[in-house]
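Q: Contents are mmCIF, C-alpha atoms; file name structure-v5.cif:
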data_work
#
loop_
_atom_site.group_PDB
_atom_site.id
_atom_site.type_symbol
_atom_site.label_atom_id
_atom_site.label_comp_id
_atom_site.auth_asym_id
_atom_site.auth_seq_id
_atom_site.Cartn_x
_atom_site.Cartn_y
_atom_site.Cartn_z
ATOM 1 C CA MET A 1 -1.673 -13.045 5.776
ATOM 2 C CA LYS A 2 -1.181 -10.198 8.261
ATOM 3 C CA TYR A 3 -1.895 -7.527 5.633
ATOM 4 C CA ALA A 4 -5.315 -8.991 4.791
ATOM 5 C CA LEU A 5 -6.133 -9.389 8.483
ATOM 6 C CA MET A 6 -5.358 -5.730 9.129
ATOM 7 C CA TYR A 7 -7.847 -4.758 6.407
ATOM 8 C CA ARG A 8 -10.483 -6.984 7.990
ATOM 9 C CA LEU A 9 -9.865 -5.328 11.361
ATOM 10 C CA GLY A 10 -9.894 -1.851 9.835
ATOM 11 C CA LEU A 11 -6.290 -1.210 10.912
ATOM 12 C CA THR A 12 -4.659 0.485 7.934
ATOM 13 C CA PRO A 13 -1.946 2.890 9.166
ATOM 14 C CA TRP A 14 -0.496 3.135 5.644
ATOM 15 C CA GLU A 15 -3.679 4.913 4.542
ATOM 16 C CA HIS A 16 -3.291 7.444 7.331
ATOM 17 C CA TYR A 17 0.311 7.990 6.237
ATOM 18 C CA ALA A 18 -0.788 8.427 2.604
ATOM 19 C CA GLU A 19 -3.117 11.209 3.731
ATOM 20 C CA VAL A 20 -0.638 12.968 6.035
ATOM 21 C CA ALA A 21 2.302 12.660 3.604
ATOM 22 C CA GLN A 22 0.198 13.373 0.515
ATOM 23 C CA ALA A 23 2.112 16.531 -0.420
ATOM 24 C CA SER A 24 5.553 14.937 -0.182
ATOM 25 C CA ILE A 25 4.427 11.845 -2.110
ATOM 26 C CA ALA A 26 2.816 14.040 -4.782
ATOM 27 C CA GLU A 27 6.117 15.890 -5.102
ATOM 28 C CA LYS A 28 7.913 12.608 -5.839
ATOM 29 C CA LEU A 29 5.309 11.594 -8.421
ATOM 30 C CA THR A 30 5.379 15.026 -10.057
ATOM 31 C CA ARG A 31 9.168 14.823 -10.347
ATOM 32 C CA GLU A 32 8.860 11.369 -11.921
ATOM 33 C CA SER A 33 6.406 12.669 -14.496
ATOM 34 C CA ALA A 34 8.458 15.789 -15.204
ATOM 35 C CA ASP A 35 11.524 13.660 -15.938
ATOM 36 C CA ARG A 36 9.581 12.307 -18.923
ATOM 37 C CA SER A 37 8.648 15.695 -20.350
ATOM 38 C CA ASN A 38 10.237 14.792 -23.688
ATOM 39 C CA ARG A 39 8.228 11.581 -24.120
ATOM 40 C CA PRO A 40 4.760 10.190 -23.329
ATOM 41 C CA LEU A 41 4.249 9.086 -19.734
ATOM 42 C CA GLY A 42 3.127 5.586 -20.703
ATOM 43 C CA ARG A 43 1.889 2.876 -18.340
ATOM 44 C CA ALA A 44 2.341 2.803 -14.559
ATOM 45 C CA LEU A 45 1.864 -0.099 -12.144
ATOM 46 C CA ASP A 46 0.979 0.739 -8.541
ATOM 47 C CA VAL A 47 2.135 -2.352 -6.631
ATOM 48 C CA GLY A 48 0.156 -2.928 -3.441
ATOM 49 C CA CYS A 49 -2.223 -0.107 -4.340
ATOM 50 C CA GLY A 50 -4.644 -0.534 -1.437
ATOM 51 C CA ARG A 51 -7.680 1.615 -2.096
ATOM 52 C CA GLY A 52 -5.941 3.441 -4.932
ATOM 53 C CA VAL A 53 -4.899 6.806 -3.477
ATOM 54 C CA HIS A 54 -1.567 6.862 -5.304
ATOM 55 C CA SER A 55 -3.038 5.292 -8.442
ATOM 56 C CA ALA A 56 -5.468 8.192 -8.615
ATOM 57 C CA ALA A 57 -2.654 10.727 -8.297
ATOM 58 C CA LEU A 58 -0.750 9.072 -11.143
ATOM 59 C CA ALA A 59 -3.834 9.015 -13.354
ATOM 60 C CA ARG A 60 -4.420 12.738 -12.791
ATOM 61 C CA MET A 61 -0.873 13.345 -14.016
ATOM 62 C CA GLY A 62 -1.610 11.505 -17.254
ATOM 63 C CA TRP A 63 -0.317 7.984 -16.657
ATOM 64 C CA ASP A 64 -2.259 4.938 -17.876
ATOM 65 C CA VAL A 65 -2.453 3.194 -14.486
ATOM 66 C CA VAL A 66 -2.981 -0.337 -13.237
ATOM 67 C CA GLY A 67 -3.214 -0.818 -9.484
ATOM 68 C CA ILE A 68 -2.854 -4.261 -7.936
ATOM 69 C CA ASP A 69 -3.430 -5.563 -4.445
ATOM 70 C CA MET A 70 -3.867 -9.012 -2.915
ATOM 71 C CA VAL A 71 -6.781 -7.931 -0.724
ATOM 72 C CA PRO A 72 -10.094 -8.101 -2.633
ATOM 73 C CA ARG A 73 -11.729 -5.695 -0.183
ATOM 74 C CA ALA A 74 -9.158 -3.019 -0.994
ATOM 75 C CA VAL A 75 -9.513 -3.526 -4.750
ATOM 76 C CA GLU A 76 -13.307 -3.423 -4.524
ATOM 77 C CA ALA A 77 -13.077 -0.088 -2.693
ATOM 78 C CA ALA A 78 -10.631 1.233 -5.289
ATOM 79 C CA ASN A 79 -12.923 0.214 -8.146
ATOM 80 C CA ARG A 80 -15.860 2.007 -6.525
ATOM 81 C CA THR A 81 -14.041 5.330 -6.971
ATOM 82 C CA GLY A 82 -14.797 5.156 -10.711
ATOM 83 C CA LEU A 83 -11.476 6.736 -11.647
ATOM 84 C CA GLN A 84 -10.796 7.354 -15.330
ATOM 85 C CA GLY A 85 -7.504 5.997 -16.657
ATOM 86 C CA VAL A 86 -7.079 3.450 -13.836
ATOM 87 C CA ARG A 87 -7.700 -0.281 -13.728
ATOM 88 C CA PHE A 88 -7.592 -2.159 -10.420
ATOM 89 C CA GLU A 89 -6.913 -5.885 -10.190
ATOM 90 C CA VAL A 90 -6.544 -8.469 -7.436
ATOM 91 C CA ALA A 91 -3.047 -9.816 -8.051
ATOM 92 C CA ASP A 92 -0.026 -11.127 -6.181
ATOM 93 C CA ALA A 93 2.981 -8.780 -6.265
ATOM 94 C CA THR A 94 5.282 -11.797 -6.004
ATOM 95 C CA LYS A 95 3.803 -13.408 -9.139
ATOM 96 C CA LEU A 96 3.374 -10.496 -11.513
ATOM 97 C CA PRO A 97 4.081 -12.297 -14.829
ATOM 98 C CA GLN A 98 1.142 -14.642 -14.192
ATOM 99 C CA ALA A 99 -1.300 -11.754 -13.754
ATOM 100 C CA GLY A 100 -1.475 -10.845 -17.465
ATOM 101 C CA LEU A 101 -0.974 -7.137 -16.863
ATOM 102 C CA GLY A 102 1.279 -6.296 -19.804
ATOM 103 C CA HIS A 103 4.395 -4.133 -19.611
ATOM 104 C CA PHE A 104 5.059 -0.850 -17.826
ATOM 105 C CA ASP A 105 7.217 2.262 -17.969
ATOM 106 C CA PHE A 106 6.945 3.125 -14.277
ATOM 107 C CA PHE A 107 6.444 1.112 -11.093
ATOM 108 C CA LEU A 108 5.355 2.608 -7.778
ATOM 109 C CA ASP A 109 5.619 0.715 -4.504
ATOM 110 C CA VAL A 110 4.632 2.509 -1.319
ATOM 111 C CA GLY A 111 5.369 -0.142 1.292
ATOM 112 C CA CYS A 112 4.686 -3.487 -0.419
ATOM 113 C CA TYR A 113 8.221 -4.843 -0.931
ATOM 114 C CA GLN A 114 9.276 -4.207 2.655
ATOM 115 C CA SER A 115 6.408 -6.332 3.991
ATOM 116 C CA LEU A 116 7.439 -9.465 2.071
ATOM 117 C CA ASP A 117 9.720 -12.265 3.190
ATOM 118 C CA ALA A 118 12.942 -13.029 1.299
ATOM 119 C CA ILE A 119 11.233 -15.383 -1.167
ATOM 120 C CA GLY A 120 8.461 -12.878 -1.813
ATOM 121 C CA ARG A 121 10.922 -10.048 -2.344
ATOM 122 C CA GLY A 122 12.793 -12.177 -4.864
ATOM 123 C CA GLY A 123 9.554 -12.923 -6.687
ATOM 124 C CA MET A 124 8.564 -9.272 -6.792
ATOM 125 C CA GLY A 125 11.978 -8.197 -8.058
ATOM 126 C CA GLU A 126 11.877 -10.775 -10.843
ATOM 127 C CA GLY A 127 8.289 -9.911 -11.724
ATOM 128 C CA VAL A 128 8.864 -6.174 -11.943
ATOM 129 C CA THR A 129 11.874 -6.810 -14.166
ATOM 130 C CA ALA A 130 9.878 -9.128 -16.430
ATOM 131 C CA LEU A 131 7.134 -6.506 -16.891
ATOM 132 C CA ALA A 132 9.454 -3.517 -17.388
ATOM 133 C CA ASN A 133 9.760 -1.729 -20.719
ATOM 134 C CA PRO A 134 13.255 -0.522 -21.705
ATOM 135 C CA GLY A 135 14.230 2.513 -19.623
ATOM 136 C CA ALA A 136 11.509 1.865 -17.027
ATOM 137 C CA THR A 137 11.849 3.379 -13.569
ATOM 138 C CA LEU A 138 10.816 2.162 -10.134
ATOM 139 C CA LEU A 139 10.020 4.407 -7.176
ATOM 140 C CA MET A 140 9.787 2.638 -3.828
ATOM 141 C CA LEU A 141 9.068 3.769 -0.287
ATOM 142 C CA ALA A 142 10.374 1.268 2.247
ATOM 143 C CA LEU A 143 10.764 1.240 6.005
ATOM 144 C CA GLY A 144 14.016 0.081 7.498
ATOM 145 C CA PRO A 145 14.197 -2.686 10.103
ATOM 146 C CA THR A 146 13.844 -1.811 13.790
ATOM 147 C CA SER A 147 13.870 -3.743 17.032
ATOM 148 C CA PHE A 148 10.075 -3.824 16.604
ATOM 149 C CA HIS A 149 10.375 -5.781 13.344
ATOM 150 C CA ARG A 150 7.429 -8.023 14.176
ATOM 151 C CA LEU A 151 5.230 -4.940 14.049
ATOM 152 C CA THR A 152 6.870 -2.928 11.296
ATOM 153 C CA GLU A 153 8.652 -5.462 9.056
ATOM 154 C CA GLY A 154 11.256 -3.403 7.171
ATOM 155 C CA VAL A 155 14.210 -3.936 4.831
ATOM 156 C CA THR A 156 17.777 -2.714 4.756
ATOM 157 C CA HIS A 157 19.292 -0.630 1.970
ATOM 158 C CA ASP A 158 21.256 -3.692 0.803
ATOM 159 C CA GLN A 159 18.119 -5.856 0.733
ATOM 160 C CA VAL A 160 16.360 -3.320 -1.469
ATOM 161 C CA VAL A 161 19.269 -2.951 -3.883
ATOM 162 C CA SER A 162 20.013 -6.686 -4.096
ATOM 163 C CA GLY A 163 16.337 -7.382 -4.816
ATOM 164 C CA PHE A 164 16.603 -5.581 -8.172
ATOM 165 C CA PRO A 165 19.910 -6.788 -9.674
ATOM 166 C CA ASN A 166 19.038 -5.661 -13.200
ATOM 167 C CA TRP A 167 18.240 -2.133 -12.057
ATOM 168 C CA ARG A 168 20.517 0.828 -11.357
ATOM 169 C CA LEU A 169 19.907 2.748 -8.138
ATOM 170 C CA LEU A 170 19.499 6.398 -9.116
ATOM 171 C CA SER A 171 18.881 7.809 -5.653
ATOM 172 C CA SER A 172 17.893 7.033 -2.082
ATOM 173 C CA GLU A 173 16.680 9.727 0.270
ATOM 174 C CA PRO A 174 14.832 9.981 3.588
ATOM 175 C CA ALA A 175 11.048 10.054 3.351
ATOM 176 C CA ASP A 176 8.686 12.256 5.307
ATOM 177 C CA SER A 177 8.022 10.456 8.590
ATOM 178 C CA ARG A 178 5.157 12.653 9.790
ATOM 179 C CA GLY A 179 2.040 10.625 10.422
ATOM 180 C CA LEU A 180 3.870 7.328 10.868
ATOM 181 C CA GLY A 181 3.496 7.281 14.651
ATOM 182 C CA TRP A 182 5.338 5.021 17.041
ATOM 183 C CA PRO A 183 7.133 2.648 16.410
ATOM 184 C CA LEU A 184 7.213 3.327 12.654
ATOM 185 C CA LYS A 185 9.028 6.640 13.153
ATOM 186 C CA ARG A 186 12.056 4.574 14.214
ATOM 187 C CA SER A 187 12.106 2.769 10.862
ATOM 188 C CA HIS A 188 13.921 5.476 8.848
ATOM 189 C CA PRO A 189 11.516 5.451 5.860
ATOM 190 C CA THR A 190 13.427 5.865 2.603
ATOM 191 C CA TRP A 191 12.563 6.578 -1.015
ATOM 192 C CA TYR A 192 14.496 4.489 -3.541
ATOM 193 C CA ARG A 193 14.517 5.283 -7.250
ATOM 194 C CA PHE A 194 15.788 2.765 -9.810
ATOM 195 C CA GLN A 195 16.083 2.553 -13.581
ATOM 196 C CA LEU A 196 16.229 -0.650 -15.572
ATOM 197 C CA SER A 197 19.812 -1.185 -16.714
#
Would you encode the structure as structure tokens?

A:
Amino acid sequence: MKYALMYRLGLTPWEHYAEVAQASIAEKLTRESADRSNRPLGRALDVGCGRGVHSAALARMGWDVVGIDMVPRAVEAANRTGLQGVRFEVADATKLPQAGLGHFDFFLDVGCYQSLDAIGRGGMGEGVTALANPGATLLMLALGPTSFHRLTEGVTHDQVVSGFPNWRLLSSEPADSRGLGWPLKRSHPTWYRFQLS
């Protein structure tokens, strides 16, 4: 899998983006938490968590967090951080029900869905739905397709929306593109926010 190979080679541009765009991502997560001010935050699943940067941010806000990634090396690094309130597991985002993770109130995906093929995206959409508590929300950052799709992958707005048929799209807005570099800057990164119907 290309994602695992990039970890082996030490090529992880998404981690550089997470650092550069940390403030704008934190703003999105803070808004998500604030929207639940009248109820407990509950459980959050960080899908494709990598080394756990976003999982850590969620835990600091008071979420009970599980981070999953398919790359054992990434999960091992995440576990070494010793974060309180976070559990990291090696798991396949396209086969979530089989992972025994329980149910969640919030799902975060910073770039996982867009890297999957059509079958994988279908599996992830079904899995997230199966693990969602009533009223759950999903926040996703996805790159759009470009002429450099072999390098950047990417999904269209319609592919994102159709992948979650039981969810209502609450908003879609441009994401901070600083730190993406070429050719990712051409991918029109977008934040999507859904709620389970």

Q: Using all atoms listed in the file, which of the listed residues (A:Gln84, A:Ser24, A:Ser172, A:Thr137) sits closest to Leu45 in chain A?

A: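 Result for the nearest residue to Leu45 in chain A: A:Thr137.
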
Q: Set the distance at 12 Å and use all atoms listed in the file: which residues neighbour range 94-105 of chain A once local chain neighbours fewer than 5 positions away are removed? I'd like the list as a PyMOL selection string.

A: chain A and resi 32-33+36+39-48+63-70+87-89+112-113+115-139+163+194-196

Q: Excluding Gly111 in chain A and residues on its chain fewer than 5 positions from it, collect all residues at most 10 Å away from it, counting all atoms listed in the file, and give them as a PDB file with C-alpha atoms, keeping the file's coordinate frame.

A:
ATOM      1  CA  TRP A  14      -0.496   3.135   5.644  1.00  0.00           C
ATOM      2  CA  VAL A  47       2.135  -2.352  -6.631  1.00  0.00           C
ATOM      3  CA  GLY A  48       0.156  -2.928  -3.441  1.00  0.00           C
ATOM      4  CA  CYS A  49      -2.223  -0.107  -4.340  1.00  0.00           C
ATOM      5  CA  LEU A 116       7.439  -9.465   2.071  1.00  0.00           C
ATOM      6  CA  MET A 140       9.787   2.638  -3.828  1.00  0.00           C
ATOM      7  CA  LEU A 141       9.068   3.769  -0.287  1.00  0.00           C
ATOM      8  CA  ALA A 142      10.374   1.268   2.247  1.00  0.00           C
ATOM      9  CA  LEU A 143      10.764   1.240   6.005  1.00  0.00           C
ATOM     10  CA  GLU A 153       8.652  -5.462   9.056  1.00  0.00           C
ATOM     11  CA  GLY A 154      11.256  -3.403   7.171  1.00  0.00           C
ATOM     12  CA  PRO A 189      11.516   5.451   5.860  1.00  0.00           C
TER      13      PRO A 189
END

Q: Need to verify the contact set: Thr30 in chain A, 12 Å, only C-alpha atoms, exclusion of same-chain residues closer than 3 positions in sequence. Can you return it as a ChimeraX atom specification?

A: /A:22-27,33-37,41,54,57-63,139

Q: How far is it from CA of Tyr192 in chain A to CA of Val86 in chain A, in Å with one decimal?

A: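 Between these atoms lies a distance of 23.9 Å.
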
Q: Using only C-alpha atoms, which residue out of A:Val71, A:Gly82, A:Lys28, A:Val161 lies closest to Pro174 in chain A?

A: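 Closest residue, counting only C-alpha atoms: A:Lys28.
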
Q: I need the residue nearest Asp176 in chain A from this list: A:Gly52, A:Ser197, A:His188, A:Val75. Use all atoms listed in the file for the distance.

A: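 Once distances to Asp176 in chain A are computed over all atoms listed in the file, the minimum belongs to A:His188.
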
Q: Report the distance between CA of Thr156 in chain A and CA of Val110 in chain A in Å, rounded to one decimal place.

A: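 Separation of CA of Thr156 in chain A and CA of Val110 in chain A: 15.4 Å.
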
Q: Figure out the distance between CA of Arg193 in chain A and CA of Asn79 in chain A, please, to one decimal in Å.

A: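 Spanning CA of Asn79 in chain A to CA of Arg193 in chain A is a straight-line distance of 27.9 Å.
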
Q: Quick one: residues within 9 Å of Ala77 in chain A, all atoms listed in the file counted, chain neighbours fewer than 5 positions away excluded, as number ranges by chain?

A: A: 50-52, 72

Q: Write range 82-93 of chain A as a CSV table (one decimal), keeping the file's coordinate frame, completed to all heavy atoms.

A:
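And here's rebuild-v3.csv as it stands now:
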chain,number,residue,atom,x,y,z
A,82,GLY,N,-14.4,4.8,-9.3
A,82,GLY,CA,-14.8,5.2,-10.7
A,82,GLY,C,-13.8,6.0,-11.4
A,82,GLY,O,-14.1,6.9,-12.3
A,83,LEU,N,-12.5,5.9,-11.1
A,83,LEU,CA,-11.5,6.7,-11.6
A,83,LEU,C,-11.3,6.4,-13.1
A,83,LEU,O,-11.3,5.3,-13.5
A,83,LEU,CB,-10.1,6.5,-10.9
A,83,LEU,CG,-10.1,7.0,-9.5
A,83,LEU,CD1,-8.8,6.4,-8.8
A,83,LEU,CD2,-10.0,8.5,-9.5
A,84,GLN,N,-11.1,7.5,-13.9
A,84,GLN,CA,-10.8,7.4,-15.3
A,84,GLN,C,-9.3,7.1,-15.5
A,84,GLN,O,-8.5,7.7,-14.8
A,84,GLN,CB,-11.2,8.6,-16.1
A,84,GLN,CG,-12.7,8.9,-16.1
A,84,GLN,CD,-13.5,7.8,-16.8
A,84,GLN,OE1,-13.1,7.4,-17.9
A,84,GLN,NE2,-14.6,7.3,-16.2
A,85,GLY,N,-8.9,6.2,-16.4
A,85,GLY,CA,-7.5,6.0,-16.7
A,85,GLY,C,-6.8,5.1,-15.7
A,85,GLY,O,-5.6,5.0,-15.6
A,86,VAL,N,-7.6,4.4,-14.8
A,86,VAL,CA,-7.1,3.4,-13.8
A,86,VAL,C,-7.8,2.1,-13.9
A,86,VAL,O,-9.1,2.1,-14.0
A,86,VAL,CB,-7.2,4.0,-12.4
A,86,VAL,CG1,-6.5,3.1,-11.4
A,86,VAL,CG2,-6.6,5.4,-12.3
A,87,ARG,N,-7.1,1.1,-13.8
A,87,ARG,CA,-7.7,-0.3,-13.7
A,87,ARG,C,-7.2,-0.9,-12.5
A,87,ARG,O,-5.9,-0.9,-12.2
A,87,ARG,CB,-7.3,-1.1,-15.0
A,87,ARG,CG,-7.9,-2.5,-15.0
A,87,ARG,CD,-7.6,-3.1,-16.4
A,87,ARG,NE,-6.8,-4.3,-16.2
A,87,ARG,CZ,-5.7,-4.5,-16.9
A,87,ARG,NH1,-5.2,-3.6,-17.8
A,87,ARG,NH2,-5.0,-5.6,-16.7
A,88,PHE,N,-8.0,-1.5,-11.6
A,88,PHE,CA,-7.6,-2.2,-10.4
A,88,PHE,C,-7.8,-3.7,-10.5
A,88,PHE,O,-8.9,-4.1,-11.0
A,88,PHE,CB,-8.3,-1.6,-9.2
A,88,PHE,CG,-8.0,-0.2,-8.9
A,88,PHE,CD1,-8.9,0.8,-9.2
A,88,PHE,CD2,-6.8,0.2,-8.3
A,88,PHE,CE1,-8.7,2.2,-9.0
A,88,PHE,CE2,-6.5,1.5,-8.1
A,88,PHE,CZ,-7.5,2.5,-8.4
A,89,GLU,N,-6.8,-4.4,-10.1
A,89,GLU,CA,-6.9,-5.9,-10.2
A,89,GLU,C,-6.5,-6.5,-8.9
A,89,GLU,O,-5.5,-6.0,-8.2
A,89,GLU,CB,-6.0,-6.4,-11.3
A,89,GLU,CG,-6.3,-5.8,-12.7
A,89,GLU,CD,-7.4,-6.6,-13.4
A,89,GLU,OE1,-7.9,-7.6,-12.8
A,89,GLU,OE2,-7.8,-6.1,-14.4
A,90,VAL,N,-7.1,-7.6,-8.5
A,90,VAL,CA,-6.5,-8.5,-7.4
A,90,VAL,C,-5.4,-9.3,-8.0
A,90,VAL,O,-5.6,-10.1,-9.0
A,90,VAL,CB,-7.6,-9.4,-6.9
A,90,VAL,CG1,-7.0,-10.3,-5.8
A,90,VAL,CG2,-8.8,-8.6,-6.3
A,91,ALA,N,-4.2,-9.1,-7.5
A,91,ALA,CA,-3.0,-9.8,-8.1
A,91,ALA,C,-2.0,-9.9,-7.0
A,91,ALA,O,-1.9,-9.0,-6.1
A,91,ALA,CB,-2.5,-9.1,-9.3
A,92,ASP,N,-1.1,-10.9,-7.1
A,92,ASP,CA,0.0,-11.1,-6.2
A,92,ASP,C,1.2,-10.4,-6.7
A,92,ASP,O,1.7,-10.7,-7.8
A,92,ASP,CB,0.2,-12.6,-6.1
A,92,ASP,CG,1.2,-13.0,-5.0
A,92,ASP,OD1,2.0,-12.2,-4.6
A,92,ASP,OD2,1.2,-14.2,-4.6
A,93,ALA,N,1.8,-9.5,-5.9
A,93,ALA,CA,3.0,-8.8,-6.3
A,93,ALA,C,4.2,-9.7,-6.4
A,93,ALA,O,5.1,-9.3,-7.1
A,93,ALA,CB,3.3,-7.7,-5.2
